[in-house]
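Worksheet for the structure shown next.
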Amino acid sequence: MSKNIFYFLTAIVLAISAPFASASTPATVATVPDGMVTLPMLHGVTNYLSLPLTRVSIYTTTVNAVTTNTLSVDDAPAPFTSSLLAPGMPYFVRFLSGNEVGRIMLITGNTSNSLTVDTTDDISGEAVALTTTGFSVQAGDTFEVFPGDTLASVFGDGSSANPLAVTGGASLSNADVVSLYVTASAAAPSYYFNPTAGYWELKGSTANANNTIIYPYSALTVLRLSSHPDTTLTLSGRVTQVAPATKVASHGTVFTSSHFATDITLSQLQFGAKWVQGVTLSTSDSISVWNPILNQFDVFFQEPDSTWRKYPDMKTDQSRYIIPTGSVATIAKKGSLSGAAMFLQSALPYSLE
């Protein structure tokens, strides 16, 4: 995904706006569209954002062999002729078919015909092997490789070619602050752009943090100072083309997004048998959606009849509640989870033909 859009703006806007005109009516599009979304960053408040688009894939192929954390292909010529670990350009694998369809993992190493991936999925710190029983990757499964994003690629590096989307400052206290949620450590490290140093810095450090990875569909916040005017973050990229697999955590809360570059309703979330329904919040899985008007998370759970309730109102059906594009959601699951149970999937709110 890129925050800078230099060409084909009109075509991109049409590609994204036509398929996603309504959250209640699934759209049908002939190809995986590229698009553009604009997210508000208001001054004097903490803005909760997620990134609903990813960059276009650079390679699509099928699995020939698999180990716990590697994928091999038999393409000729060999597809990965150079390292996919260049500074400032992370790469990811997304499965397009098979048991792990929709799963996204960071590439941590490669040879000319194999990829090593991070099977912790940057979520709980708990690895789920590619060979997990009942959830294993098989020869013939299709996957794609696509570039990822960093602090500098999303929010700028201060150059004329990649200007800042926020306002920098000499210290954390007089700059806009971007915080990235890390579920495994239950923390949100904070970063700001230091114009004197000429790069992003992590709170408490003077090291160059430009290449800090922002994982696809991850949650983040932007604290825009009161002295800085309202602004927007404009993102371009490709919409989700397969049902996303969102990894959750045992007895914990995961900060994430809907994965969709369109508004969706709670009723469009169809998590299936893995989702625990109940008549009270304490007996149910829950999803919380950031409410910028009330400056809080609205908490929802699903009753056994599949309708949704917002805590503490136990009577009003909230199935038509809209989860906005680019908003932040948290998912809290009941019980201990492992393997395939750690991944939730919901069907696309649109169809691709």
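Each chain of the structure tokens is named A, B, ... in the order shown, its residues numbered from 1; ligands are numbered from 1 in display order.
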Which neighbours of Ala243 (chain A) fall inside 10 Å, counting only C-alpha atoms, when residues of the same chain fewer than 4 positions from it are skipped, and could you give them as a PDB file with N, CA and C atoms, in the first residue's frame?
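Dumped to part_28.pdb:
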```
ATOM      1  N   LEU A  96      -4.180 -18.337  -1.099  1.00  0.00           N
ATOM      2  CA  LEU A  96      -5.364 -18.078  -1.907  1.00  0.00           C
ATOM      3  C   LEU A  96      -6.254 -19.301  -2.042  1.00  0.00           C
ATOM      4  N   SER A  97      -5.787 -20.454  -1.575  1.00  0.00           N
ATOM      5  CA  SER A  97      -6.587 -21.677  -1.590  1.00  0.00           C
ATOM      6  C   SER A  97      -6.061 -22.626  -0.526  1.00  0.00           C
ATOM      7  N   VAL A 101      -6.385 -20.811   3.557  1.00  0.00           N
ATOM      8  CA  VAL A 101      -6.752 -19.702   2.689  1.00  0.00           C
ATOM      9  C   VAL A 101      -7.021 -18.446   3.513  1.00  0.00           C
ATOM     10  N   GLY A 102      -6.486 -17.325   3.071  1.00  0.00           N
ATOM     11  CA  GLY A 102      -6.649 -16.058   3.764  1.00  0.00           C
ATOM     12  C   GLY A 102      -5.590 -15.758   4.805  1.00  0.00           C
ATOM     13  N   ARG A 103      -4.781 -16.739   5.165  1.00  0.00           N
ATOM     14  CA  ARG A 103      -3.725 -16.510   6.163  1.00  0.00           C
ATOM     15  C   ARG A 103      -2.590 -15.714   5.537  1.00  0.00           C
ATOM     16  N   HIS A 259     -10.694  -6.083   7.634  1.00  0.00           N
ATOM     17  CA  HIS A 259      -9.970  -6.522   6.432  1.00  0.00           C
ATOM     18  C   HIS A 259     -10.634  -6.074   5.137  1.00  0.00           C
ATOM     19  N   PHE A 260     -11.732  -5.354   5.204  1.00  0.00           N
ATOM     20  CA  PHE A 260     -12.470  -5.015   3.991  1.00  0.00           C
ATOM     21  C   PHE A 260     -12.410  -3.512   3.722  1.00  0.00           C
ATOM     22  N   LEU A 344     -10.161 -17.071  12.631  1.00  0.00           N
ATOM     23  CA  LEU A 344     -11.551 -16.801  12.305  1.00  0.00           C
ATOM     24  C   LEU A 344     -11.647 -16.349  10.855  1.00  0.00           C
ATOM     25  N   GLN A 345     -12.665 -16.818  10.171  1.00  0.00           N
ATOM     26  CA  GLN A 345     -12.889 -16.404   8.800  1.00  0.00           C
ATOM     27  C   GLN A 345     -14.335 -15.996   8.604  1.00  0.00           C
ATOM     28  N   SER A 346     -14.516 -14.949   7.830  1.00  0.00           N
ATOM     29  CA  SER A 346     -15.851 -14.504   7.452  1.00  0.00           C
ATOM     30  C   SER A 346     -15.847 -14.252   5.950  1.00  0.00           C
ATOM     31  N   ALA A 347     -16.925 -14.638   5.287  1.00  0.00           N
ATOM     32  CA  ALA A 347     -16.989 -14.532   3.834  1.00  0.00           C
ATOM     33  C   ALA A 347     -16.843 -13.090   3.365  1.00  0.00           C
ATOM     34  N   LEU A 348     -16.344 -12.920   2.157  1.00  0.00           N
ATOM     35  CA  LEU A 348     -16.241 -11.580   1.571  1.00  0.00           C
ATOM     36  C   LEU A 348     -17.620 -10.947   1.435  1.00  0.00           C
ATOM     37  N   PRO A 349     -17.714  -9.622   1.671  1.00  0.00           N
ATOM     38  CA  PRO A 349     -19.006  -8.939   1.478  1.00  0.00           C
ATOM     39  C   PRO A 349     -19.252  -8.584   0.020  1.00  0.00           C
TER      40      PRO A 349
END
```
Neighbours of Glu144 (chain A) within 8 Å (only C-alpha atoms; same-chain residues fewer than 6 positions away dropped), as a PDB file with C-alpha atoms, in the first residue's frame?
```pdb
ATOM      1  CA  SER A  57       1.195  -9.094  -5.500  1.00  0.00           C
ATOM      2  CA  ILE A  58       4.496  -9.599  -7.285  1.00  0.00           C
ATOM      3  CA  TYR A  59       4.193 -13.353  -7.699  1.00  0.00           C
ATOM      4  CA  THR A  60       1.516 -16.048  -7.536  1.00  0.00           C
ATOM      5  CA  THR A  61       2.361 -19.747  -7.564  1.00  0.00           C
ATOM      6  CA  VAL A  93       2.682 -14.620   1.819  1.00  0.00           C
ATOM      7  CA  ARG A  94      -1.093 -14.830   1.478  1.00  0.00           C
ATOM      8  CA  PHE A  95      -2.737 -18.211   0.826  1.00  0.00           C
ATOM      9  CA  LEU A  96      -5.364 -18.078  -1.907  1.00  0.00           C
TER      10      LEU A  96
END
```
Exercise. Which residues, written as a ChimeraX atom specification, have at least one atom at most 8 Å from region 119-123 of chain A, with only C-alpha atoms counted and residues fewer than 3 positions away on the same chain left out?
Worked result: /A:69,104-106,126-130,182-184,215,247-249,254
For this session: Output as a list in words all residues of region 86-150 of chain A that backbone DSSP marks as strand (DSSP E).
Result: Tyr91, Phe92, Val93, Arg94, Phe95, Ile104, Met105, Leu106, Ile107, Thr108, Gly109, Asn110, Ser114, Leu115, Thr116, Val117, Thr142, Phe143, Glu144, Val145, Phe146, Pro147, Asp149 and Thr150 of chain A
Problem set entry | Per-residue DSSP, region 198-314 of chain A, filtered to helix (DSSP H, G or I), as a PyMOL selection string | chain A and resi 266-268+272-274+281-283
Preceding selection exported with all heavy atoms as a PDB file, in the first residue's frame:
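For reference, result.pdb as written:
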```pdb
ATOM      1  N   LEU A 266     -22.549  -5.832  11.176  1.00  0.00           N
ATOM      2  CA  LEU A 266     -22.272  -6.984  12.026  1.00  0.00           C
ATOM      3  C   LEU A 266     -22.892  -8.252  11.457  1.00  0.00           C
ATOM      4  O   LEU A 266     -22.316  -9.341  11.569  1.00  0.00           O
ATOM      5  CB  LEU A 266     -22.809  -6.726  13.436  1.00  0.00           C
ATOM      6  CG  LEU A 266     -22.003  -5.766  14.317  1.00  0.00           C
ATOM      7  CD1 LEU A 266     -22.749  -5.489  15.622  1.00  0.00           C
ATOM      8  CD2 LEU A 266     -20.613  -6.328  14.620  1.00  0.00           C
ATOM      9  N   SER A 267     -24.054  -8.134  10.837  1.00  0.00           N
ATOM     10  CA  SER A 267     -24.713  -9.315  10.278  1.00  0.00           C
ATOM     11  C   SER A 267     -23.898  -9.957   9.164  1.00  0.00           C
ATOM     12  O   SER A 267     -24.081 -11.144   8.857  1.00  0.00           O
ATOM     13  CB  SER A 267     -26.107  -8.953   9.753  1.00  0.00           C
ATOM     14  OG  SER A 267     -26.015  -8.042   8.676  1.00  0.00           O
ATOM     15  N   GLN A 268     -22.989  -9.196   8.542  1.00  0.00           N
ATOM     16  CA  GLN A 268     -22.152  -9.743   7.478  1.00  0.00           C
ATOM     17  C   GLN A 268     -20.954 -10.518   8.014  1.00  0.00           C
ATOM     18  O   GLN A 268     -20.244 -11.163   7.241  1.00  0.00           O
ATOM     19  CB  GLN A 268     -21.693  -8.626   6.545  1.00  0.00           C
ATOM     20  CG  GLN A 268     -22.814  -8.059   5.688  1.00  0.00           C
ATOM     21  CD  GLN A 268     -22.354  -6.900   4.819  1.00  0.00           C
ATOM     22  OE1 GLN A 268     -22.098  -5.812   5.309  1.00  0.00           O
ATOM     23  NE2 GLN A 268     -22.245  -7.129   3.527  1.00  0.00           N
ATOM     24  N   GLY A 272     -19.070 -18.571  11.884  1.00  0.00           N
ATOM     25  CA  GLY A 272     -19.357 -19.999  11.923  1.00  0.00           C
ATOM     26  C   GLY A 272     -19.178 -20.635  13.282  1.00  0.00           C
ATOM     27  O   GLY A 272     -19.258 -19.982  14.330  1.00  0.00           O
ATOM     28  N   ALA A 273     -18.898 -21.931  13.274  1.00  0.00           N
ATOM     29  CA  ALA A 273     -18.886 -22.723  14.501  1.00  0.00           C
ATOM     30  C   ALA A 273     -17.774 -22.323  15.463  1.00  0.00           C
ATOM     31  O   ALA A 273     -17.856 -22.615  16.666  1.00  0.00           O
ATOM     32  CB  ALA A 273     -18.760 -24.206  14.150  1.00  0.00           C
ATOM     33  N   LYS A 274     -16.730 -21.675  14.965  1.00  0.00           N
ATOM     34  CA  LYS A 274     -15.631 -21.264  15.849  1.00  0.00           C
ATOM     35  C   LYS A 274     -16.019 -20.093  16.749  1.00  0.00           C
ATOM     36  O   LYS A 274     -15.329 -19.811  17.728  1.00  0.00           O
ATOM     37  CB  LYS A 274     -14.402 -20.874  15.024  1.00  0.00           C
ATOM     38  CG  LYS A 274     -13.771 -22.023  14.254  1.00  0.00           C
ATOM     39  CD  LYS A 274     -12.583 -21.521  13.453  1.00  0.00           C
ATOM     40  CE  LYS A 274     -11.972 -22.616  12.622  1.00  0.00           C
ATOM     41  NZ  LYS A 274     -10.820 -22.133  11.810  1.00  0.00           N
ATOM     42  N   LEU A 281     -22.693 -11.364  27.723  1.00  0.00           N
ATOM     43  CA  LEU A 281     -21.330 -11.058  27.288  1.00  0.00           C
ATOM     44  C   LEU A 281     -20.332 -12.017  27.918  1.00  0.00           C
ATOM     45  O   LEU A 281     -19.365 -12.428  27.277  1.00  0.00           O
ATOM     46  CB  LEU A 281     -20.988  -9.610  27.647  1.00  0.00           C
ATOM     47  CG  LEU A 281     -19.588  -9.125  27.270  1.00  0.00           C
ATOM     48  CD1 LEU A 281     -19.406  -9.128  25.757  1.00  0.00           C
ATOM     49  CD2 LEU A 281     -19.328  -7.721  27.819  1.00  0.00           C
ATOM     50  N   SER A 282     -20.563 -12.394  29.152  1.00  0.00           N
ATOM     51  CA  SER A 282     -19.600 -13.228  29.878  1.00  0.00           C
ATOM     52  C   SER A 282     -19.518 -14.648  29.329  1.00  0.00           C
ATOM     53  O   SER A 282     -18.541 -15.352  29.581  1.00  0.00           O
ATOM     54  CB  SER A 282     -19.949 -13.269  31.362  1.00  0.00           C
ATOM     55  OG  SER A 282     -21.219 -13.848  31.557  1.00  0.00           O
ATOM     56  N   THR A 283     -20.527 -15.073  28.579  1.00  0.00           N
ATOM     57  CA  THR A 283     -20.526 -16.429  28.037  1.00  0.00           C
ATOM     58  C   THR A 283     -20.268 -16.454  26.533  1.00  0.00           C
ATOM     59  O   THR A 283     -20.370 -17.511  25.911  1.00  0.00           O
ATOM     60  CB  THR A 283     -21.873 -17.114  28.330  1.00  0.00           C
ATOM     61  OG1 THR A 283     -22.930 -16.349  27.728  1.00  0.00           O
ATOM     62  CG2 THR A 283     -22.107 -17.236  29.821  1.00  0.00           C
TER      63      THR A 283
END
```
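The shell of residues at most 10 Å from Ser114 (chain A), with only C-alpha atoms counted and near chain neighbours (fewer than 2 positions) removed, consists of Val63, Asn64, Ala65, Val66, Thr70, Leu71, Ser72, Val73, Asp74, Ala78, Pro79, Phe80, Gly109, Asn110, Thr111, Ser112, Thr116 and Val117 of chain A.
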For this session: Do a neighbour search on region 216-224 of chain A at 7 Å with only C-alpha atoms, toss out local chain neighbours closer than 5 positions, and write the hits as a PyMOL selection string.
Result: chain A and resi 41-52+54+176-181+255-257+259+328
Please save N, CA and C atoms of the selected residues as an mmCIF file, in the first residue's frame.
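Result file follows (part.cif):
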```cif
data_model
loop_
_atom_site.group_PDB
_atom_site.id
_atom_site.type_symbol
_atom_site.label_atom_id
_atom_site.label_comp_id
_atom_site.auth_asym_id
_atom_site.auth_seq_id
_atom_site.Cartn_x
_atom_site.Cartn_y
_atom_site.Cartn_z
ATOM 1 N N MET A 41 -7.828 12.106 10.180
ATOM 2 C CA MET A 41 -6.964 12.228 11.351
ATOM 3 C C MET A 41 -7.273 13.581 11.986
ATOM 4 N N LEU A 42 -8.108 13.559 13.013
ATOM 5 C CA LEU A 42 -8.587 14.778 13.655
ATOM 6 C C LEU A 42 -7.590 15.274 14.686
ATOM 7 N N HIS A 43 -7.560 16.585 14.887
ATOM 8 C CA HIS A 43 -6.590 17.142 15.829
ATOM 9 C C HIS A 43 -7.125 17.057 17.258
ATOM 10 N N GLY A 44 -6.214 16.943 18.193
ATOM 11 C CA GLY A 44 -6.563 16.956 19.610
ATOM 12 C C GLY A 44 -7.129 15.655 20.136
ATOM 13 N N VAL A 45 -7.133 14.595 19.320
ATOM 14 C CA VAL A 45 -7.680 13.315 19.752
ATOM 15 C C VAL A 45 -6.778 12.190 19.266
ATOM 16 N N THR A 46 -7.000 10.998 19.841
ATOM 17 C CA THR A 46 -6.337 9.806 19.358
ATOM 18 C C THR A 46 -7.223 9.159 18.302
ATOM 19 N N ASN A 47 -6.720 9.056 17.090
ATOM 20 C CA ASN A 47 -7.471 8.475 15.981
ATOM 21 C C ASN A 47 -7.111 6.995 15.850
ATOM 22 N N TYR A 48 -8.112 6.126 15.906
ATOM 23 C CA TYR A 48 -7.906 4.683 15.754
ATOM 24 C C TYR A 48 -8.095 4.323 14.279
ATOM 25 N N LEU A 49 -7.067 3.727 13.671
ATOM 26 C CA LEU A 49 -7.081 3.436 12.248
ATOM 27 C C LEU A 49 -6.583 2.018 11.982
ATOM 28 N N SER A 50 -7.002 1.472 10.847
ATOM 29 C CA SER A 50 -6.423 0.236 10.336
ATOM 30 C C SER A 50 -6.267 0.383 8.835
ATOM 31 N N LEU A 51 -5.478 -0.485 8.253
ATOM 32 C CA LEU A 51 -5.132 -0.353 6.843
ATOM 33 C C LEU A 51 -5.888 -1.410 6.042
ATOM 34 N N PRO A 52 -6.948 -1.035 5.320
ATOM 35 C CA PRO A 52 -7.807 -2.025 4.668
ATOM 36 C C PRO A 52 -7.357 -2.458 3.279
ATOM 37 N N THR A 54 -3.903 -3.667 0.651
ATOM 38 C CA THR A 54 -2.525 -4.143 0.599
ATOM 39 C C THR A 54 -1.962 -3.846 -0.787
ATOM 40 N N ASP A 176 3.123 14.661 16.342
ATOM 41 C CA ASP A 176 2.070 13.660 16.227
ATOM 42 C C ASP A 176 2.687 12.289 16.507
ATOM 43 N N VAL A 177 1.930 11.417 17.139
ATOM 44 C CA VAL A 177 2.466 10.135 17.584
ATOM 45 C C VAL A 177 1.676 8.994 16.953
ATOM 46 N N VAL A 178 2.396 8.066 16.333
ATOM 47 C CA VAL A 178 1.798 6.863 15.766
ATOM 48 C C VAL A 178 2.141 5.689 16.675
ATOM 49 N N SER A 179 1.127 4.947 17.116
ATOM 50 C CA SER A 179 1.333 3.781 17.973
ATOM 51 C C SER A 179 0.820 2.539 17.268
ATOM 52 N N LEU A 180 1.608 1.469 17.296
ATOM 53 C CA LEU A 180 1.278 0.216 16.628
ATOM 54 C C LEU A 180 0.980 -0.849 17.672
ATOM 55 N N TYR A 181 -0.178 -1.489 17.565
ATOM 56 C CA TYR A 181 -0.549 -2.502 18.550
ATOM 57 C C TYR A 181 0.201 -3.807 18.294
ATOM 58 N N PHE A 255 -6.199 -6.743 18.576
ATOM 59 C CA PHE A 255 -6.563 -5.525 17.867
ATOM 60 C C PHE A 255 -6.379 -5.772 16.370
ATOM 61 N N THR A 256 -7.422 -5.522 15.596
ATOM 62 C CA THR A 256 -7.361 -5.836 14.177
ATOM 63 C C THR A 256 -8.312 -4.924 13.410
ATOM 64 N N SER A 257 -8.715 -5.353 12.219
ATOM 65 C CA SER A 257 -9.663 -4.605 11.394
ATOM 66 C C SER A 257 -10.620 -5.598 10.760
ATOM 67 N N HIS A 259 -10.694 -6.083 7.634
ATOM 68 C CA HIS A 259 -9.970 -6.522 6.432
ATOM 69 C C HIS A 259 -10.634 -6.074 5.137
ATOM 70 N N VAL A 328 -10.915 0.379 13.727
ATOM 71 C CA VAL A 328 -10.230 -0.631 14.537
ATOM 72 C C VAL A 328 -11.266 -1.458 15.282
#
```
For this session: Skip Val276 (chain A) itself and residues of its chain fewer than 5 positions away, then list as a count of residues only all residues within 9 Å of it, counting only C-alpha atoms.
Result: 10
Problem set entry | Nearest-residue call for Asp149 (chain A), choices A:Asp75, A:Asn194, A:Glu201, A:Ser236, using only C-alpha atoms |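 Among the listed residues, the smallest separation from Asp149 (chain A) belongs to A:Ser236.
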For this session: Could you please determine the separation between CA of Pro147 (chain A) and CA of Thr212 (chain A) in Å, to one decimal place?
Result: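 Going from CA of Pro147 (chain A) over to CA of Thr212 (chain A), I get 13.8 Å.
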For this session: Using CA of Asp141 (chain A) and CA of Leu337 (chain A) as the two end points, give the distance in Å to one decimal.
Result: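 Taking CA of Asp141 (chain A) as the start and CA of Leu337 (chain A) as the end point, the length is 24.7 Å.
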Exercise. Which one is closest to Phe271 (chain A): A:Ile323, A:Met36, A:Ala207, A:Ile331? Count only C-alpha atoms.
Worked result: A:Ile331
For this session: List the neighbours of Pro312 (chain A) out to 10 Å using only C-alpha atoms; skip same-chain residues closer than 6 positions along the sequence, and give me the result as JSON, numbers by chain.
Result: {"A": [280, 281, 298, 299, 300]}
With all heavy atoms retained, could you export that selection as a PDB file, in the first residue's frame?
```pdb
ATOM      1  N   THR A 280     -25.292 -13.807  27.183  1.00  0.00           N
ATOM      2  CA  THR A 280     -24.647 -12.741  27.945  1.00  0.00           C
ATOM      3  C   THR A 280     -23.243 -12.519  27.407  1.00  0.00           C
ATOM      4  O   THR A 280     -22.662 -13.399  26.747  1.00  0.00           O
ATOM      5  CB  THR A 280     -24.555 -13.076  29.444  1.00  0.00           C
ATOM      6  OG1 THR A 280     -23.688 -14.210  29.620  1.00  0.00           O
ATOM      7  CG2 THR A 280     -25.939 -13.383  30.031  1.00  0.00           C
ATOM      8  N   LEU A 281     -22.693 -11.364  27.723  1.00  0.00           N
ATOM      9  CA  LEU A 281     -21.330 -11.058  27.288  1.00  0.00           C
ATOM     10  C   LEU A 281     -20.332 -12.017  27.918  1.00  0.00           C
ATOM     11  O   LEU A 281     -19.365 -12.428  27.277  1.00  0.00           O
ATOM     12  CB  LEU A 281     -20.988  -9.610  27.647  1.00  0.00           C
ATOM     13  CG  LEU A 281     -19.588  -9.125  27.270  1.00  0.00           C
ATOM     14  CD1 LEU A 281     -19.406  -9.128  25.757  1.00  0.00           C
ATOM     15  CD2 LEU A 281     -19.328  -7.721  27.819  1.00  0.00           C
ATOM     16  N   ASP A 298     -17.322   0.226  21.345  1.00  0.00           N
ATOM     17  CA  ASP A 298     -18.631  -0.381  21.539  1.00  0.00           C
ATOM     18  C   ASP A 298     -18.451  -1.895  21.495  1.00  0.00           C
ATOM     19  O   ASP A 298     -17.840  -2.433  20.556  1.00  0.00           O
ATOM     20  CB  ASP A 298     -19.606   0.050  20.438  1.00  0.00           C
ATOM     21  CG  ASP A 298     -19.996   1.512  20.563  1.00  0.00           C
ATOM     22  OD1 ASP A 298     -19.961   2.052  21.680  1.00  0.00           O
ATOM     23  OD2 ASP A 298     -20.339   2.119  19.521  1.00  0.00           O
ATOM     24  N   VAL A 299     -18.997  -2.593  22.496  1.00  0.00           N
ATOM     25  CA  VAL A 299     -18.774  -4.032  22.658  1.00  0.00           C
ATOM     26  C   VAL A 299     -20.022  -4.799  22.226  1.00  0.00           C
ATOM     27  O   VAL A 299     -21.129  -4.517  22.687  1.00  0.00           O
ATOM     28  CB  VAL A 299     -18.425  -4.373  24.119  1.00  0.00           C
ATOM     29  CG1 VAL A 299     -18.100  -5.858  24.253  1.00  0.00           C
ATOM     30  CG2 VAL A 299     -17.256  -3.521  24.599  1.00  0.00           C
ATOM     31  N   PHE A 300     -19.822  -5.815  21.360  1.00  0.00           N
ATOM     32  CA  PHE A 300     -20.935  -6.579  20.819  1.00  0.00           C
ATOM     33  C   PHE A 300     -20.713  -8.075  21.029  1.00  0.00           C
ATOM     34  O   PHE A 300     -19.572  -8.547  21.005  1.00  0.00           O
ATOM     35  CB  PHE A 300     -21.098  -6.320  19.315  1.00  0.00           C
ATOM     36  CG  PHE A 300     -21.324  -4.871  18.965  1.00  0.00           C
ATOM     37  CD1 PHE A 300     -20.254  -4.028  18.713  1.00  0.00           C
ATOM     38  CD2 PHE A 300     -22.606  -4.360  18.884  1.00  0.00           C
ATOM     39  CE1 PHE A 300     -20.456  -2.695  18.388  1.00  0.00           C
ATOM     40  CE2 PHE A 300     -22.822  -3.022  18.551  1.00  0.00           C
ATOM     41  CZ  PHE A 300     -21.742  -2.192  18.311  1.00  0.00           C
TER      42      PHE A 300
END
```
